[in-house]
Structures are given as C-alpha cells and as structure tokens.
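Source file: structure10.pdb. Holds: PDB, C-alpha atoms.
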ATOM      1  CA  MET A   1     -60.204-111.032 -33.121
ATOM      2  CA  ILE A   2     -56.586-110.189 -33.566
ATOM      3  CA  PRO A   3     -55.179-111.078 -36.983
ATOM      4  CA  GLY A   4     -52.715-113.936 -36.723
ATOM      5  CA  GLY A   5     -53.855-114.767 -33.182
ATOM      6  CA  GLY A   6     -51.041-112.761 -31.584
ATOM      7  CA  GLN A   7     -51.093-110.208 -28.826
ATOM      8  CA  PRO A   8     -52.355-106.704 -29.629
ATOM      9  CA  ASN A   9     -49.685-104.222 -30.553
ATOM     10  CA  MET A  10     -49.705-101.847 -27.562
ATOM     11  CA  GLN A  11     -48.067 -99.060 -29.545
ATOM     12  CA  GLN A  12     -50.778 -99.334 -32.192
ATOM     13  CA  LEU A  13     -53.525 -99.367 -29.537
ATOM     14  CA  LEU A  14     -52.049 -96.275 -27.898
ATOM     15  CA  GLN A  15     -51.864 -94.484 -31.251
ATOM     16  CA  GLN A  16     -55.497 -95.364 -31.981
ATOM     17  CA  ALA A  17     -56.571 -94.142 -28.538
ATOM     18  CA  GLN A  18     -54.632 -90.908 -29.000
ATOM     19  CA  LYS A  19     -56.185 -90.325 -32.432
ATOM     20  CA  MET A  20     -59.643 -91.016 -31.014
ATOM     21  CA  GLN A  21     -58.984 -88.538 -28.209
ATOM     22  CA  GLN A  22     -57.838 -85.903 -30.727
ATOM     23  CA  ASP A  23     -60.893 -86.507 -32.931
ATOM     24  CA  LEU A  24     -63.163 -86.212 -29.901
ATOM     25  CA  ALA A  25     -61.503 -82.961 -28.769
ATOM     26  CA  ARG A  26     -61.805 -81.533 -32.287
ATOM     27  CA  ALA A  27     -65.505 -82.490 -32.451
ATOM     28  CA  GLN A  28     -66.113 -80.878 -29.042
ATOM     29  CA  GLU A  29     -64.426 -77.670 -30.237
ATOM     30  CA  GLU A  30     -66.618 -77.675 -33.337
ATOM     31  CA  LEU A  31     -69.697 -78.142 -31.153
ATOM     32  CA  ALA A  32     -68.730 -75.198 -28.958
ATOM     33  CA  ALA A  33     -68.388 -73.030 -32.079
ATOM     34  CA  THR A  34     -71.653 -74.167 -33.707
ATOM     35  CA  GLU A  35     -74.875 -72.377 -32.820
ATOM     36  CA  VAL A  36     -78.360 -73.867 -33.017
ATOM     37  CA  GLU A  37     -81.716 -72.219 -32.432
ATOM     38  CA  GLY A  38     -84.943 -73.170 -30.745
ATOM     39  CA  GLN A  39     -88.155 -71.214 -30.759
ATOM     40  CA  ALA A  40     -91.531 -71.063 -29.077
ATOM     41  CA  GLY A  41     -94.801 -69.266 -29.594
ATOM     42  CA  GLY A  42     -94.554 -69.491 -33.353
ATOM     43  CA  GLY A  43     -91.222 -67.675 -33.306
ATOM     44  CA  LEU A  44     -92.149 -65.027 -30.723
ATOM     45  CA  VAL A  45     -89.231 -66.202 -28.578
ATOM     46  CA  LYS A  46     -86.008 -67.551 -30.077
ATOM     47  CA  ALA A  47     -83.116 -68.970 -28.099
ATOM     48  CA  THR A  48     -79.674 -69.653 -29.501
ATOM     49  CA  VAL A  49     -77.306 -72.121 -27.850
ATOM     50  CA  ASN A  50     -73.972 -73.503 -28.918
ATOM     51  CA  GLY A  51     -73.583 -77.191 -29.636
ATOM     52  CA  SER A  52     -72.550 -77.735 -26.025
ATOM     53  CA  GLY A  53     -75.880 -76.339 -24.809
ATOM     54  CA  GLU A  54     -74.591 -72.976 -23.561
ATOM     55  CA  LEU A  55     -77.162 -70.192 -24.002
ATOM     56  CA  ARG A  56     -75.692 -67.617 -26.404
ATOM     57  CA  GLY A  57     -78.658 -65.430 -27.283
ATOM     58  CA  LEU A  58     -82.317 -64.755 -26.676
ATOM     59  CA  VAL A  59     -84.648 -62.760 -28.931
ATOM     60  CA  ILE A  60     -88.112 -61.779 -27.732
ATOM     61  CA  ASP A  61     -90.586 -60.307 -30.187
ATOM     62  CA  PRO A  62     -92.267 -57.237 -28.626
ATOM     63  CA  LYS A  63     -95.649 -58.871 -29.355
ATOM     64  CA  ALA A  64     -94.781 -61.500 -26.723
ATOM     65  CA  VAL A  65     -94.400 -58.874 -23.992
ATOM     66  CA  ASP A  66     -97.554 -58.317 -21.978
ATOM     67  CA  PRO A  67     -96.895 -56.610 -18.627
ATOM     68  CA  GLU A  68    -100.083 -58.203 -17.334
ATOM     69  CA  ASP A  69     -98.941 -61.724 -18.260
ATOM     70  CA  THR A  70     -95.239 -62.232 -17.594
ATOM     71  CA  GLU A  71     -95.875 -65.892 -16.768
ATOM     72  CA  THR A  72     -96.641 -66.730 -20.398
ATOM     73  CA  LEU A  73     -93.498 -64.929 -21.530
ATOM     74  CA  ALA A  74     -91.449 -66.888 -19.001
ATOM     75  CA  ASP A  75     -93.000 -70.133 -20.281
ATOM     76  CA  LEU A  76     -92.114 -69.176 -23.857
ATOM     77  CA  VAL A  77     -88.521 -68.430 -22.863
ATOM     78  CA  VAL A  78     -88.194 -71.781 -21.094
ATOM     79  CA  ALA A  79     -89.740 -73.587 -24.076
ATOM     80  CA  ALA A  80     -87.432 -71.853 -26.556
ATOM     81  CA  VAL A  81     -84.323 -72.653 -24.490
ATOM     82  CA  LYS A  82     -85.453 -76.269 -24.130
ATOM     83  CA  ALA A  83     -86.029 -76.523 -27.893
ATOM     84  CA  ALA A  84     -82.574 -75.070 -28.555
ATOM     85  CA  ASN A  85     -80.988 -77.504 -26.091
ATOM     86  CA  ASP A  86     -82.835 -80.409 -27.722
ATOM     87  CA  ASN A  87     -81.379 -79.298 -31.060
ATOM     88  CA  ALA A  88     -77.922 -79.062 -29.457
ATOM     89  CA  GLN A  89     -78.250 -82.622 -28.137
ATOM     90  CA  GLU A  90     -79.168 -83.865 -31.607
ATOM     91  CA  LEU A  91     -76.092 -82.099 -32.951
ATOM     92  CA  GLN A  92     -73.948 -83.664 -30.201
ATOM     93  CA  GLN A  93     -75.241 -87.123 -31.100
ATOM     94  CA  ALA A  94     -74.501 -86.540 -34.761
ATOM     95  CA  LYS A  95     -70.970 -85.243 -34.091
ATOM     96  CA  LEU A  96     -69.897 -87.332 -31.113
ATOM     97  CA  GLY A  97     -71.959 -90.493 -31.558
ATOM     98  CA  PRO A  98     -69.681 -92.127 -34.121
ATOM     99  CA  LEU A  99     -66.601 -91.206 -32.062
ATOM    100  CA  THR A 100     -67.951 -92.503 -28.752
ATOM    101  CA  GLN A 101     -69.743 -95.686 -29.842
ATOM    102  CA  GLY A 102     -66.812 -97.904 -28.967
ATOM    103  CA  LEU A 103     -66.101 -96.124 -25.690
ATOM    104  CA  GLY A 104     -69.232 -97.159 -23.787
ATOM    105  CA  GLY A 105     -67.432 -99.755 -21.715
ATOM    106  CA  MET A 106     -64.459 -97.584 -20.823
ATOM    107  CA  PRO A 107     -64.617 -96.310 -17.222
ATOM    108  CA  GLY A 108     -64.433 -92.572 -16.681
ATOM    109  CA  LEU A 109     -65.944 -91.696 -20.049
ATOM    110  CA  GLY A 110     -69.492 -90.560 -19.416
ATOM    111  CA  PHE A 111     -70.900 -91.373 -22.848
TER     112      PHE A 111
END
Can you give me the file's structure in the form of structure tokens?
Amino acid sequence: MIPGGGQPNMQQLLQQAQKMQQDLARAQEELAATEVEGQAGGGLVKATVNGSGELRGLVIDPKAVDPEDTETLADLVVAAVKAANDNAQELQQAKLGPLTQGLGGMPGLGF
C-alpha cells in the first residue's frame, strides 16, 4: 500500500533500488574476501574457499597419502571441497538472503 493512496514516487523507488544494488555489491565483495573451511577424514584433508565458493587452498595431512590408495585421498579431497562449498553457501544465505528477499520476482536476478 502506498501511503495516501497516491502514485509511487519514482525518484524514491530509483534511490531505493540503487541503494539495494550498492548493498548487494558490497555484500558480494565481502563474500569474496571471506574464507571458510571444510574438512574430511577427521581433518586429514582441509579445503578453504571464499564466500563465493572459489577454492583458495587445500591442505592434505601426510597421513592421508597412501600411494596404494589414491582413490580414498581423491574422495577425501572432494568431500572437503564440498563441505567448504556448503559452508560458503550458508554464508551467502546469511549475507545475501536479507538483501535479495524482495527481489525474487524481478526478472534477470537469479536469486
């Protein structure tokens, strides 16, 4: 409902949209700068991704390296990266969720 029953103030709507866009860009920059970790094998493999899900680091404990069983190591790496990406998605929801809630019906915004 528009107070007073009048037409929406286009200038005000544009300012709100611009502020929302700036807030969203700022949150995305913060996500790109924030690192989260995921691990597998009780910490034998640790993956670090930024809040956007980009892999930034991988640490493999020497105890996880068995030349006779590289398949298990590969599985641990995949699991650690997946765990890190899951953590990044939770961070994205926390940061971007409040900013994008009202944008669901706007075309071109894949939220």
Long-range neighbours of Ala32 of chain A as a PyMOL selection string, 7 Å cut-off, only C-alpha atoms, 5 positions minimum in chain
chain A and resi 50-52
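Within 12 Å of segment 90-96 of chain A, once all atoms listed in the file are used and residues closer than 6 positions along the same chain are dropped, the contacting residues are Met20, Gln21, Asp23, Leu24, Ala25, Arg26, Ala27, Gln28, Glu29, Glu30, Leu31, Ala32, Ala33, Thr34, Glu35, Val36, Glu37, Val49, Asn50, Gly51, Ser52, Gly53, Ala83, Ala84, Gly102, Leu103 and Phe111 of chain A.
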Since we have the selection now, will you write its residues out, keeping C-alpha atoms, as an mmCIF file, keeping the file's coordinate frame?
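What ended up in selection.cif:
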data_model
loop_
_atom_site.group_PDB
_atom_site.id
_atom_site.type_symbol
_atom_site.label_atom_id
_atom_site.label_comp_id
_atom_site.auth_asym_id
_atom_site.auth_seq_id
_atom_site.Cartn_x
_atom_site.Cartn_y
_atom_site.Cartn_z
ATOM 1 C CA MET A 20 -59.643 -91.016 -31.014
ATOM 2 C CA GLN A 21 -58.984 -88.538 -28.209
ATOM 3 C CA ASP A 23 -60.893 -86.507 -32.931
ATOM 4 C CA LEU A 24 -63.163 -86.212 -29.901
ATOM 5 C CA ALA A 25 -61.503 -82.961 -28.769
ATOM 6 C CA ARG A 26 -61.805 -81.533 -32.287
ATOM 7 C CA ALA A 27 -65.505 -82.490 -32.451
ATOM 8 C CA GLN A 28 -66.113 -80.878 -29.042
ATOM 9 C CA GLU A 29 -64.426 -77.670 -30.237
ATOM 10 C CA GLU A 30 -66.618 -77.675 -33.337
ATOM 11 C CA LEU A 31 -69.697 -78.142 -31.153
ATOM 12 C CA ALA A 32 -68.730 -75.198 -28.958
ATOM 13 C CA ALA A 33 -68.388 -73.030 -32.079
ATOM 14 C CA THR A 34 -71.653 -74.167 -33.707
ATOM 15 C CA GLU A 35 -74.875 -72.377 -32.820
ATOM 16 C CA VAL A 36 -78.360 -73.867 -33.017
ATOM 17 C CA GLU A 37 -81.716 -72.219 -32.432
ATOM 18 C CA VAL A 49 -77.306 -72.121 -27.850
ATOM 19 C CA ASN A 50 -73.972 -73.503 -28.918
ATOM 20 C CA GLY A 51 -73.583 -77.191 -29.636
ATOM 21 C CA SER A 52 -72.550 -77.735 -26.025
ATOM 22 C CA GLY A 53 -75.880 -76.339 -24.809
ATOM 23 C CA ALA A 83 -86.029 -76.523 -27.893
ATOM 24 C CA ALA A 84 -82.574 -75.070 -28.555
ATOM 25 C CA GLY A 102 -66.812 -97.904 -28.967
ATOM 26 C CA LEU A 103 -66.101 -96.124 -25.690
ATOM 27 C CA PHE A 111 -70.900 -91.373 -22.848
#
List the residues selected by the PyMOL selection byres ((chain A and resi 75) around 12) in the file shown, writing them as a PyMOL selection string.
chain A and resi 39-41+44-45+64-65+69-74+76-82
Could you jot down the atom CA of Gly57 of chain A to atom CA of Gly43 of chain A separation for me, Å, one decimal place?
14.1 Å
Centre and size of axis-aligned box enclosing segment 56-64 of chain A plus 5 Å each side, as AutoDock Vina command-line options:
--center_x -85.7 --center_y -62.4 --center_z -28.3 --size_x 30.0 --size_y 20.4 --size_z 13.8
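One distance worth recording is that between atom CA of Glu54 of chain A and atom CA of Gln89 of chain A, which is 11.3 Å.
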To one decimal in Å, tell me the separation between atom CA of Val59 of chain A and atom CA of Asn87 of chain A.
17.0 Å
Segment 58-85 of chain A rebuilt with N, CA and C atoms, output as a PDB file, in the coordinates of the input:
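The resulting file, selection.pdb, is reproduced below:
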ATOM      1  N   LEU A  58     -80.883 -64.648 -26.884  1.00  0.00           N
ATOM      2  CA  LEU A  58     -82.317 -64.755 -26.676  1.00  0.00           C
ATOM      3  C   LEU A  58     -82.974 -63.557 -27.343  1.00  0.00           C
ATOM      4  N   VAL A  59     -83.938 -63.823 -28.226  1.00  0.00           N
ATOM      5  CA  VAL A  59     -84.648 -62.760 -28.931  1.00  0.00           C
ATOM      6  C   VAL A  59     -86.126 -62.896 -28.579  1.00  0.00           C
ATOM      7  N   ILE A  60     -86.706 -61.787 -28.107  1.00  0.00           N
ATOM      8  CA  ILE A  60     -88.112 -61.779 -27.732  1.00  0.00           C
ATOM      9  C   ILE A  60     -88.822 -60.735 -28.589  1.00  0.00           C
ATOM     10  N   ASP A  61     -89.782 -61.209 -29.365  1.00  0.00           N
ATOM     11  CA  ASP A  61     -90.586 -60.307 -30.187  1.00  0.00           C
ATOM     12  C   ASP A  61     -91.424 -59.429 -29.242  1.00  0.00           C
ATOM     13  N   PRO A  62     -91.484 -58.129 -29.497  1.00  0.00           N
ATOM     14  CA  PRO A  62     -92.267 -57.237 -28.626  1.00  0.00           C
ATOM     15  C   PRO A  62     -93.726 -57.675 -28.466  1.00  0.00           C
ATOM     16  N   LYS A  63     -94.263 -58.397 -29.456  1.00  0.00           N
ATOM     17  CA  LYS A  63     -95.649 -58.871 -29.355  1.00  0.00           C
ATOM     18  C   LYS A  63     -95.818 -59.891 -28.222  1.00  0.00           C
ATOM     19  N   ALA A  64     -94.712 -60.497 -27.786  1.00  0.00           N
ATOM     20  CA  ALA A  64     -94.781 -61.500 -26.723  1.00  0.00           C
ATOM     21  C   ALA A  64     -94.770 -60.863 -25.335  1.00  0.00           C
ATOM     22  N   VAL A  65     -94.534 -59.558 -25.283  1.00  0.00           N
ATOM     23  CA  VAL A  65     -94.400 -58.874 -23.992  1.00  0.00           C
ATOM     24  C   VAL A  65     -95.738 -58.256 -23.588  1.00  0.00           C
ATOM     25  N   ASP A  66     -96.319 -58.831 -22.548  1.00  0.00           N
ATOM     26  CA  ASP A  66     -97.554 -58.317 -21.978  1.00  0.00           C
ATOM     27  C   ASP A  66     -97.287 -58.118 -20.489  1.00  0.00           C
ATOM     28  N   PRO A  67     -97.193 -56.863 -20.040  1.00  0.00           N
ATOM     29  CA  PRO A  67     -96.895 -56.610 -18.627  1.00  0.00           C
ATOM     30  C   PRO A  67     -97.888 -57.278 -17.676  1.00  0.00           C
ATOM     31  N   GLU A  68     -99.070 -57.559 -18.167  1.00  0.00           N
ATOM     32  CA  GLU A  68    -100.083 -58.203 -17.334  1.00  0.00           C
ATOM     33  C   GLU A  68     -99.921 -59.724 -17.289  1.00  0.00           C
ATOM     34  N   ASP A  69     -99.083 -60.268 -18.165  1.00  0.00           N
ATOM     35  CA  ASP A  69     -98.941 -61.724 -18.260  1.00  0.00           C
ATOM     36  C   ASP A  69     -97.486 -62.110 -18.473  1.00  0.00           C
ATOM     37  N   THR A  70     -96.659 -61.874 -17.475  1.00  0.00           N
ATOM     38  CA  THR A  70     -95.239 -62.232 -17.594  1.00  0.00           C
ATOM     39  C   THR A  70     -95.035 -63.742 -17.484  1.00  0.00           C
ATOM     40  N   GLU A  71     -95.996 -64.447 -16.921  1.00  0.00           N
ATOM     41  CA  GLU A  71     -95.875 -65.892 -16.768  1.00  0.00           C
ATOM     42  C   GLU A  71     -95.820 -66.588 -18.133  1.00  0.00           C
ATOM     43  N   THR A  72     -96.651 -66.145 -19.057  1.00  0.00           N
ATOM     44  CA  THR A  72     -96.641 -66.730 -20.398  1.00  0.00           C
ATOM     45  C   THR A  72     -95.312 -66.457 -21.092  1.00  0.00           C
ATOM     46  N   LEU A  73     -94.799 -65.250 -20.936  1.00  0.00           N
ATOM     47  CA  LEU A  73     -93.498 -64.929 -21.530  1.00  0.00           C
ATOM     48  C   LEU A  73     -92.414 -65.829 -20.948  1.00  0.00           C
ATOM     49  N   ALA A  74     -92.436 -66.015 -19.636  1.00  0.00           N
ATOM     50  CA  ALA A  74     -91.449 -66.888 -19.001  1.00  0.00           C
ATOM     51  C   ALA A  74     -91.562 -68.315 -19.546  1.00  0.00           C
ATOM     52  N   ASP A  75     -92.800 -68.786 -19.727  1.00  0.00           N
ATOM     53  CA  ASP A  75     -93.000 -70.133 -20.281  1.00  0.00           C
ATOM     54  C   ASP A  75     -92.443 -70.233 -21.698  1.00  0.00           C
ATOM     55  N   LEU A  76     -92.634 -69.182 -22.490  1.00  0.00           N
ATOM     56  CA  LEU A  76     -92.114 -69.176 -23.857  1.00  0.00           C
ATOM     57  C   LEU A  76     -90.589 -69.198 -23.867  1.00  0.00           C
ATOM     58  N   VAL A  77     -89.989 -68.449 -22.950  1.00  0.00           N
ATOM     59  CA  VAL A  77     -88.521 -68.430 -22.863  1.00  0.00           C
ATOM     60  C   VAL A  77     -88.012 -69.823 -22.505  1.00  0.00           C
ATOM     61  N   VAL A  78     -88.613 -70.438 -21.498  1.00  0.00           N
ATOM     62  CA  VAL A  78     -88.194 -71.781 -21.094  1.00  0.00           C
ATOM     63  C   VAL A  78     -88.361 -72.763 -22.257  1.00  0.00           C
ATOM     64  N   ALA A  79     -89.490 -72.679 -22.951  1.00  0.00           N
ATOM     65  CA  ALA A  79     -89.740 -73.587 -24.076  1.00  0.00           C
ATOM     66  C   ALA A  79     -88.731 -73.378 -25.201  1.00  0.00           C
ATOM     67  N   ALA A  80     -88.397 -72.132 -25.488  1.00  0.00           N
ATOM     68  CA  ALA A  80     -87.432 -71.853 -26.556  1.00  0.00           C
ATOM     69  C   ALA A  80     -86.044 -72.368 -26.188  1.00  0.00           C
ATOM     70  N   VAL A  81     -85.635 -72.166 -24.934  1.00  0.00           N
ATOM     71  CA  VAL A  81     -84.323 -72.653 -24.490  1.00  0.00           C
ATOM     72  C   VAL A  81     -84.301 -74.180 -24.520  1.00  0.00           C
ATOM     73  N   LYS A  82     -85.393 -74.807 -24.084  1.00  0.00           N
ATOM     74  CA  LYS A  82     -85.453 -76.269 -24.130  1.00  0.00           C
ATOM     75  C   LYS A  82     -85.362 -76.763 -25.573  1.00  0.00           C
ATOM     76  N   ALA A  83     -86.082 -76.118 -26.485  1.00  0.00           N
ATOM     77  CA  ALA A  83     -86.029 -76.523 -27.893  1.00  0.00           C
ATOM     78  C   ALA A  83     -84.614 -76.367 -28.445  1.00  0.00           C
ATOM     79  N   ALA A  84     -83.950 -75.281 -28.096  1.00  0.00           N
ATOM     80  CA  ALA A  84     -82.574 -75.070 -28.555  1.00  0.00           C
ATOM     81  C   ALA A  84     -81.650 -76.139 -27.987  1.00  0.00           C
ATOM     82  N   ASN A  85     -81.821 -76.471 -26.702  1.00  0.00           N
ATOM     83  CA  ASN A  85     -80.988 -77.504 -26.091  1.00  0.00           C
ATOM     84  C   ASN A  85     -81.265 -78.875 -26.705  1.00  0.00           C
TER      85      ASN A  85
END
